[in-house]
Amino acid sequence: MIPLTIGTTVDAPERPAVIDGSRFNRHTFWCGQSGSGKTYALGVVLEQLLLQTELPMAVLDPNADFVRVSQTREDASAEERERFAAFDIRVFHSSTRAEPQLHARYVDLRVRSQAAVGRLDPIADEEEYNALLHLDKSPGQHFDKQRFLEMLASSDDPARQRLGMRIDNLQILDWPLWSFGRSSVVDTIDERPRVTVLDVGGFAHLAEPQAAALCVLEHLWEKRMDRDPLLIVLDEAHNFCPPTPRNSVEAQLTEQLIQIAAEGRKFGLWLFLSTQRPTKIHPNVLSQCDNLGLMRMNSPRDLDEIGDVFGFVPQHLLEQSPTFRKGEALFAGAFSDEPQLVRIGRRITVEGGSDLSVEPSAVGVG
């Protein structure tokens, strides 16, 4: 057992609440409605994994909540500051202009995923799909967008002309995500730093965050035989594997996550899914989770869903969830010998996206 102290028990505040860090070699589901303290608590667990294990992590971060995970709080101890300063933590940005920016290579995607970015169906758009299939997509170090589009427009093949027009109309080459010969975030993940944070929330196009995640997950799956362990943290996981995908890129991403959920454990690819409601996650992903962290949840439907999926959790504990105060949680599953109610402890690092307060008016009332 690798003990992670993540707070105190609700029933006995003097007793530390401990979960087993060695059992994050299972998929984990983390759930709590808005205002329950879910993201703060997730940060506490990730910090303890950093301190007590050698497990590398990649965090897909839609709200820039973990972009400051390398920065310790003012009330952190000297030992904590020293230890966190020594960790290899890399943050890739999209919501600010800070460097390094988050880039990925379009050419690294499988053809089906490249087609999804262009909203191409292999049957309905068979000629354009075939043109994409046989297109030289190695942009090199100095990719020239205009020259590339002109090459397609001047082709003798009408399918290539239509493909070029589609790429131009959808403005795919304008996405800041693409590296066009530069390095990709997957190059860093392959080095297995302790934490790689992918701030995917700043992209303008709806499908860009999903495309970034797809580049990473496809790459990890292609290299699965290396058996190089990695904890894949998906904050706001409903953005990556919803029950009903909203677009073709999200459909490909959901399919890849279903595959990792079903088969990834034996290759050292472990999911840590955090979201507000279990019904917002694809059931084929949710059903593969063995660890549960549940914070306040008022919806009877959602609690019934959790009860069905996590049958090992006593019903009377699930029924207490609507009464949890902010920062209280139920832990159950492989990482807890028995279900326990926990009051989450303090963070060591700075939250990147804590709630904004409502400021009082400068003009008095009355």
# chains A, B, ... in the order shown; residues from 1 in each chain; ligands from 1
$ select_by_dssp --residues "stretch 1-137 of chain A" --states "alpha helix (DSSP H)" --output "compact mmCIF listing (two decimals) with C-alpha atoms, in the first residue's frame"
# COMPACT_ATOMS: atom_id res chain seq x y z
CA LYS A 38 -14.70 18.82 -6.80
CA THR A 39 -11.80 20.52 -8.58
CA TYR A 40 -10.11 21.60 -5.35
CA ALA A 41 -10.37 18.04 -4.00
CA LEU A 42 -9.05 16.62 -7.26
CA GLY A 43 -6.01 18.87 -6.83
CA VAL A 44 -5.42 17.50 -3.32
CA VAL A 45 -5.37 13.92 -4.62
CA LEU A 46 -3.06 14.77 -7.55
CA GLU A 47 -0.67 16.55 -5.17
CA GLN A 48 -0.51 13.48 -2.94
CA LEU A 49 0.14 11.26 -5.94
CA LEU A 50 3.03 13.56 -6.80
CA LEU A 51 4.45 13.45 -3.28
CA GLN A 52 4.00 9.77 -2.50
CA ALA A 78 9.43 24.76 3.48
CA GLU A 79 9.70 21.02 2.82
CA GLU A 80 6.66 21.09 0.51
CA ARG A 81 8.05 24.06 -1.39
CA GLU A 82 11.38 22.31 -1.83
CA ARG A 83 9.83 19.06 -3.03
CA PHE A 84 7.50 20.71 -5.52
CA ALA A 85 10.33 22.84 -6.87
CA ALA A 86 12.16 19.61 -7.74
CA VAL A 111 -6.72 9.01 -41.33
CA ARG A 112 -10.18 8.49 -39.83
CA SER A 113 -9.44 11.25 -37.32
CA GLN A 114 -7.96 13.54 -39.98
CA ALA A 115 -11.18 13.05 -41.91
CA ALA A 116 -13.24 13.78 -38.79
CA VAL A 117 -11.50 17.15 -38.45
CA GLU A 126 -15.91 8.89 -50.72
CA GLU A 127 -13.92 10.81 -53.35
CA GLU A 128 -12.72 13.55 -51.02
CA TYR A 129 -11.95 10.98 -48.33
CA ASN A 130 -9.89 9.01 -50.84
CA ALA A 131 -8.06 12.17 -51.88
CA LEU A 132 -7.21 12.82 -48.22
CA LEU A 133 -6.11 9.20 -47.81
$ residues_around --residues "A:Thr8" --least-positions-apart "2" --cutoff "12 Å" --atoms "only C-alpha atoms" --output "ChimeraX atom specification"
/A:4-6,10-19,327-331,340-346
$ write_last_selection --atoms "N, CA, C and O atoms" --output "compact mmCIF listing (two decimals), in the first residue's frame"
# COMPACT_ATOMS: atom_id res chain seq x y z
N LEU A 4 -1.95 7.67 0.82
CA LEU A 4 -2.14 9.07 0.45
C LEU A 4 -3.09 9.69 1.47
O LEU A 4 -4.26 9.31 1.54
N THR A 5 -2.60 10.63 2.23
CA THR A 5 -3.45 11.31 3.21
C THR A 5 -4.13 12.48 2.52
O THR A 5 -3.48 13.46 2.15
N ILE A 6 -5.45 12.35 2.35
CA ILE A 6 -6.17 13.35 1.55
C ILE A 6 -7.14 14.20 2.40
O ILE A 6 -7.90 14.98 1.84
N VAL A 10 -14.86 12.21 8.34
CA VAL A 10 -15.95 13.06 8.80
C VAL A 10 -16.37 12.69 10.22
O VAL A 10 -16.62 13.55 11.07
N ASP A 11 -16.43 11.38 10.49
CA ASP A 11 -16.90 10.92 11.80
C ASP A 11 -15.88 11.16 12.90
O ASP A 11 -16.25 11.33 14.07
N ALA A 12 -14.59 11.16 12.55
CA ALA A 12 -13.54 11.36 13.55
C ALA A 12 -12.51 12.33 12.99
O ALA A 12 -11.51 11.92 12.39
N PRO A 13 -12.74 13.63 13.11
CA PRO A 13 -11.88 14.63 12.48
C PRO A 13 -10.41 14.56 12.88
O PRO A 13 -9.55 15.10 12.18
N GLU A 14 -10.13 13.88 14.00
CA GLU A 14 -8.73 13.75 14.41
C GLU A 14 -8.02 12.61 13.68
O GLU A 14 -6.79 12.49 13.77
N ARG A 15 -8.78 11.80 12.92
CA ARG A 15 -8.19 10.65 12.24
C ARG A 15 -7.94 10.96 10.77
O ARG A 15 -8.85 11.37 10.05
N PRO A 16 -6.70 10.75 10.28
CA PRO A 16 -6.42 11.01 8.87
C PRO A 16 -7.23 10.08 7.95
O PRO A 16 -7.44 8.91 8.28
N ALA A 17 -7.66 10.61 6.83
CA ALA A 17 -8.32 9.82 5.79
C ALA A 17 -7.27 9.43 4.77
O ALA A 17 -6.59 10.29 4.21
N VAL A 18 -7.14 8.13 4.52
CA VAL A 18 -6.07 7.62 3.68
C VAL A 18 -6.65 6.75 2.57
O VAL A 18 -7.54 5.94 2.80
N ILE A 19 -6.14 6.94 1.36
CA ILE A 19 -6.44 6.05 0.25
C ILE A 19 -5.13 5.47 -0.27
O ILE A 19 -4.05 5.97 0.04
N GLY A 327 -16.47 20.26 0.12
CA GLY A 327 -15.20 19.65 0.51
C GLY A 327 -15.34 18.30 1.17
O GLY A 327 -14.33 17.70 1.54
N GLU A 328 -16.56 17.78 1.30
CA GLU A 328 -16.76 16.45 1.85
C GLU A 328 -16.99 15.46 0.71
O GLU A 328 -17.61 15.80 -0.30
N ALA A 329 -16.52 14.23 0.89
CA ALA A 329 -16.57 13.26 -0.19
C ALA A 329 -16.69 11.85 0.36
O ALA A 329 -16.29 11.56 1.49
N LEU A 330 -17.22 10.98 -0.48
CA LEU A 330 -17.25 9.54 -0.23
C LEU A 330 -16.22 8.88 -1.12
O LEU A 330 -16.22 9.09 -2.35
N PHE A 331 -15.32 8.11 -0.52
CA PHE A 331 -14.32 7.35 -1.28
C PHE A 331 -14.62 5.87 -1.13
O PHE A 331 -14.80 5.37 -0.01
N GLN A 340 -15.38 5.25 2.86
CA GLN A 340 -15.15 6.21 3.94
C GLN A 340 -15.61 7.59 3.53
O GLN A 340 -15.51 7.99 2.37
N LEU A 341 -16.15 8.32 4.52
CA LEU A 341 -16.57 9.70 4.33
C LEU A 341 -15.43 10.60 4.78
O LEU A 341 -14.93 10.46 5.90
N VAL A 342 -15.04 11.54 3.91
CA VAL A 342 -13.80 12.30 4.09
C VAL A 342 -14.07 13.79 4.00
O VAL A 342 -14.89 14.24 3.19
N ARG A 343 -13.37 14.53 4.85
CA ARG A 343 -13.31 15.99 4.70
C ARG A 343 -11.96 16.30 4.09
O ARG A 343 -10.91 16.06 4.70
N ILE A 344 -11.99 16.82 2.86
CA ILE A 344 -10.75 17.01 2.09
C ILE A 344 -9.83 18.01 2.78
O ILE A 344 -10.27 19.04 3.30
N GLY A 345 -8.53 17.70 2.76
CA GLY A 345 -7.53 18.56 3.38
C GLY A 345 -7.15 19.74 2.50
O GLY A 345 -7.75 20.01 1.46
N ARG A 346 -6.11 20.43 2.90
CA ARG A 346 -5.71 21.66 2.23
C ARG A 346 -4.89 21.38 0.99
O ARG A 346 -4.22 20.36 0.87
$ closest_residue --among "A:Leu217, A:Leu135, A:Leu230, A:Ala76" --to "A:Arg265" --atoms "only C-alpha atoms"
A:Leu230
$ residues_around --residues "stretch 244-256 of chain A" --least-positions-apart "5" --cutoff "9 Å" --atoms "only C-alpha atoms" --output "PyMOL selection string"
chain A and resi 112-120+207-208+210-211+213-214+217-218+221+239+261+280-282+285
$ closest_residue --among "A:Thr188, A:Asn298, A:Ser336, A:Thr53" --to "A:Thr323" --atoms "only C-alpha atoms"
A:Asn298
$ closest_residue --among "A:Thr9, A:Thr28, A:Ser184, A:Ser77" --to "A:Thr349" --atoms "only C-alpha atoms"
A:Ser77
$ residues_around --residues "A:Leu152" --least-positions-apart "6" --cutoff "9 Å" --atoms "only C-alpha atoms" --output "JSON, numbers by chain"
{"A": [160, 161, 162, 163, 164, 165]}
$ write_last_selection --atoms "N, CA and C atoms" --output "PDB file, in the first residue's frame"
ATOM      1  N   ARG A 160      -9.510  16.405 -55.284  1.00  0.00           N
ATOM      2  CA  ARG A 160      -8.521  17.200 -54.551  1.00  0.00           C
ATOM      3  C   ARG A 160      -8.924  18.667 -54.507  1.00  0.00           C
ATOM      4  N   GLN A 161      -9.508  19.159 -55.596  1.00  0.00           N
ATOM      5  CA  GLN A 161      -9.986  20.540 -55.602  1.00  0.00           C
ATOM      6  C   GLN A 161     -11.061  20.740 -54.543  1.00  0.00           C
ATOM      7  N   ARG A 162     -12.000  19.787 -54.454  1.00  0.00           N
ATOM      8  CA  ARG A 162     -13.073  19.888 -53.458  1.00  0.00           C
ATOM      9  C   ARG A 162     -12.511  19.763 -52.046  1.00  0.00           C
ATOM     10  N   LEU A 163     -11.520  18.893 -51.891  1.00  0.00           N
ATOM     11  CA  LEU A 163     -10.885  18.743 -50.574  1.00  0.00           C
ATOM     12  C   LEU A 163     -10.232  20.057 -50.147  1.00  0.00           C
ATOM     13  N   GLY A 164      -9.528  20.708 -51.080  1.00  0.00           N
ATOM     14  CA  GLY A 164      -8.895  21.979 -50.757  1.00  0.00           C
ATOM     15  C   GLY A 164      -9.904  23.041 -50.389  1.00  0.00           C
ATOM     16  N   MET A 165     -11.031  23.064 -51.108  1.00  0.00           N
ATOM     17  CA  MET A 165     -12.071  24.045 -50.801  1.00  0.00           C
ATOM     18  C   MET A 165     -12.681  23.778 -49.424  1.00  0.00           C
TER      19      MET A 165
END
$ atom_distance --atom1 "atom CA of A:Leu109" --atom2 "atom CA of A:Asp226"
19.1 Å
$ closest_residue --among "A:Thr196, A:Arg110, A:Ser22, A:Glu236" --to "A:Thr275" --atoms "only C-alpha atoms"
A:Glu236
$ atom_distance --atom1 "atom CA of A:Glu338" --atom2 "atom CA of A:Gln288"
19.4 Å
$ residues_around --residues "A:Tyr106" --least-positions-apart "5" --cutoff "8 Å" --atoms "only C-alpha atoms" --output "list in words"
Gln114, Trp178, Ser179, Phe180 and Cys215 of chain A
$ closest_residue --among "A:Asp199, A:Asp228, A:Glu222, A:Glu305" --to "A:Pro62" --atoms "only C-alpha atoms"
A:Asp199
$ closest_residue --among "A:Ile172, A:Ala332, A:Ala212, A:Leu206" --to "A:Leu60" --atoms "only C-alpha atoms"
A:Ala212
$ atom_distance --atom1 "atom CA of A:Leu173" --atom2 "atom CA of A:Val216"
19.1 Å
$ decode --residues "stretch 171-212 of chain A" --atoms "N, CA and C atoms" --output "short mmCIF file (atom, residue, chain, number, x, y, z; two decimals), in the first residue's frame"
data_model
loop_
_atom_site.label_atom_id
_atom_site.label_comp_id
_atom_site.auth_asym_id
_atom_site.auth_seq_id
_atom_site.Cartn_x
_atom_site.Cartn_y
_atom_site.Cartn_z
N GLN A 171 -11.58 26.50 -42.46
CA GLN A 171 -10.45 27.23 -41.84
C GLN A 171 -9.62 26.32 -40.94
N ILE A 172 -9.50 25.06 -41.33
CA ILE A 172 -8.78 24.09 -40.51
C ILE A 172 -7.31 24.49 -40.34
N LEU A 173 -6.72 25.05 -41.38
CA LEU A 173 -5.31 25.41 -41.31
C LEU A 173 -5.07 26.64 -40.45
N ASP A 174 -6.15 27.30 -40.02
CA ASP A 174 -6.01 28.46 -39.15
C ASP A 174 -6.03 28.09 -37.66
N TRP A 175 -6.27 26.82 -37.36
CA TRP A 175 -6.31 26.42 -35.96
C TRP A 175 -4.94 26.61 -35.31
N PRO A 176 -4.87 27.33 -34.20
CA PRO A 176 -3.57 27.50 -33.51
C PRO A 176 -3.01 26.19 -32.98
N LEU A 177 -3.83 25.16 -32.89
CA LEU A 177 -3.38 23.88 -32.35
C LEU A 177 -2.24 23.26 -33.16
N TRP A 178 -2.30 23.39 -34.49
CA TRP A 178 -1.38 22.62 -35.33
C TRP A 178 0.05 23.14 -35.25
N SER A 179 0.99 22.22 -35.21
CA SER A 179 2.39 22.60 -35.05
C SER A 179 3.08 22.91 -36.37
N PHE A 180 2.60 22.31 -37.50
CA PHE A 180 3.19 22.55 -38.82
C PHE A 180 4.71 22.41 -38.80
N GLY A 181 5.17 21.23 -38.38
CA GLY A 181 6.60 20.94 -38.39
C GLY A 181 7.30 21.20 -37.08
N ARG A 182 6.67 21.98 -36.21
CA ARG A 182 7.28 22.20 -34.90
C ARG A 182 7.00 21.00 -34.00
N SER A 183 7.50 21.06 -32.79
CA SER A 183 7.33 19.94 -31.87
C SER A 183 5.86 19.84 -31.44
N SER A 184 5.49 18.65 -30.99
CA SER A 184 4.14 18.37 -30.51
C SER A 184 4.20 18.07 -29.02
N VAL A 185 3.09 18.29 -28.34
CA VAL A 185 3.01 17.99 -26.91
C VAL A 185 3.27 16.52 -26.65
N VAL A 186 2.99 15.64 -27.62
CA VAL A 186 3.23 14.21 -27.40
C VAL A 186 4.72 13.91 -27.25
N ASP A 187 5.57 14.76 -27.84
CA ASP A 187 7.01 14.56 -27.70
C ASP A 187 7.41 14.71 -26.23
N THR A 188 6.78 15.67 -25.56
CA THR A 188 7.05 15.87 -24.13
C THR A 188 6.47 14.74 -23.30
N ILE A 189 5.23 14.34 -23.60
CA ILE A 189 4.60 13.26 -22.83
C ILE A 189 5.43 11.98 -22.94
N ASP A 190 6.04 11.75 -24.09
CA ASP A 190 6.89 10.56 -24.26
C ASP A 190 8.09 10.57 -23.32
N GLU A 191 8.49 11.75 -22.88
CA GLU A 191 9.61 11.85 -21.93
C GLU A 191 9.17 11.48 -20.51
N ARG A 192 7.85 11.42 -20.29
CA ARG A 192 7.25 11.09 -18.99
C ARG A 192 7.73 12.00 -17.86
N PRO A 193 7.56 13.33 -18.02
CA PRO A 193 7.75 14.19 -16.84
C PRO A 193 6.71 13.81 -15.78
N ARG A 194 6.89 14.26 -14.57
CA ARG A 194 5.94 13.88 -13.52
C ARG A 194 4.52 14.36 -13.84
N VAL A 195 4.41 15.58 -14.36
CA VAL A 195 3.09 16.09 -14.74
C VAL A 195 3.22 16.87 -16.05
N THR A 196 2.31 16.57 -16.97
CA THR A 196 2.16 17.38 -18.18
C THR A 196 0.74 17.91 -18.18
N VAL A 197 0.59 19.22 -18.11
CA VAL A 197 -0.74 19.85 -18.10
C VAL A 197 -1.02 20.41 -19.48
N LEU A 198 -2.14 20.02 -20.06
CA LEU A 198 -2.57 20.52 -21.36
C LEU A 198 -3.76 21.45 -21.15
N ASP A 199 -3.49 22.73 -21.19
CA ASP A 199 -4.53 23.75 -21.05
C ASP A 199 -5.24 23.86 -22.40
N VAL A 200 -6.37 23.15 -22.53
CA VAL A 200 -7.06 23.09 -23.82
C VAL A 200 -8.23 24.05 -23.92
N GLY A 201 -8.44 24.88 -22.90
CA GLY A 201 -9.66 25.68 -22.85
C GLY A 201 -9.63 26.97 -23.65
N GLY A 202 -8.48 27.34 -24.19
CA GLY A 202 -8.39 28.63 -24.85
C GLY A 202 -8.59 28.61 -26.35
N PHE A 203 -8.82 27.44 -26.93
CA PHE A 203 -9.01 27.36 -28.38
C PHE A 203 -10.38 27.88 -28.77
N ALA A 204 -10.43 28.55 -29.92
CA ALA A 204 -11.68 29.19 -30.36
C ALA A 204 -12.63 28.20 -31.02
N HIS A 205 -12.09 27.25 -31.75
CA HIS A 205 -12.94 26.33 -32.49
C HIS A 205 -13.45 25.23 -31.56
N LEU A 206 -14.73 24.87 -31.69
CA LEU A 206 -15.36 23.90 -30.81
C LEU A 206 -14.61 22.58 -30.77
N ALA A 207 -14.09 22.13 -31.90
CA ALA A 207 -13.47 20.81 -31.98
C ALA A 207 -11.99 20.81 -31.62
N GLU A 208 -11.37 21.96 -31.44
CA GLU A 208 -9.92 21.99 -31.17
C GLU A 208 -9.52 21.29 -29.88
N PRO A 209 -10.20 21.54 -28.74
CA PRO A 209 -9.80 20.80 -27.53
C PRO A 209 -9.90 19.30 -27.70
N GLN A 210 -10.97 18.84 -28.40
CA GLN A 210 -11.13 17.41 -28.64
C GLN A 210 -10.04 16.89 -29.57
N ALA A 211 -9.68 17.69 -30.58
CA ALA A 211 -8.62 17.28 -31.50
C ALA A 211 -7.28 17.18 -30.77
N ALA A 212 -7.02 18.10 -29.84
CA ALA A 212 -5.79 18.03 -29.05
C ALA A 212 -5.76 16.76 -28.22
#
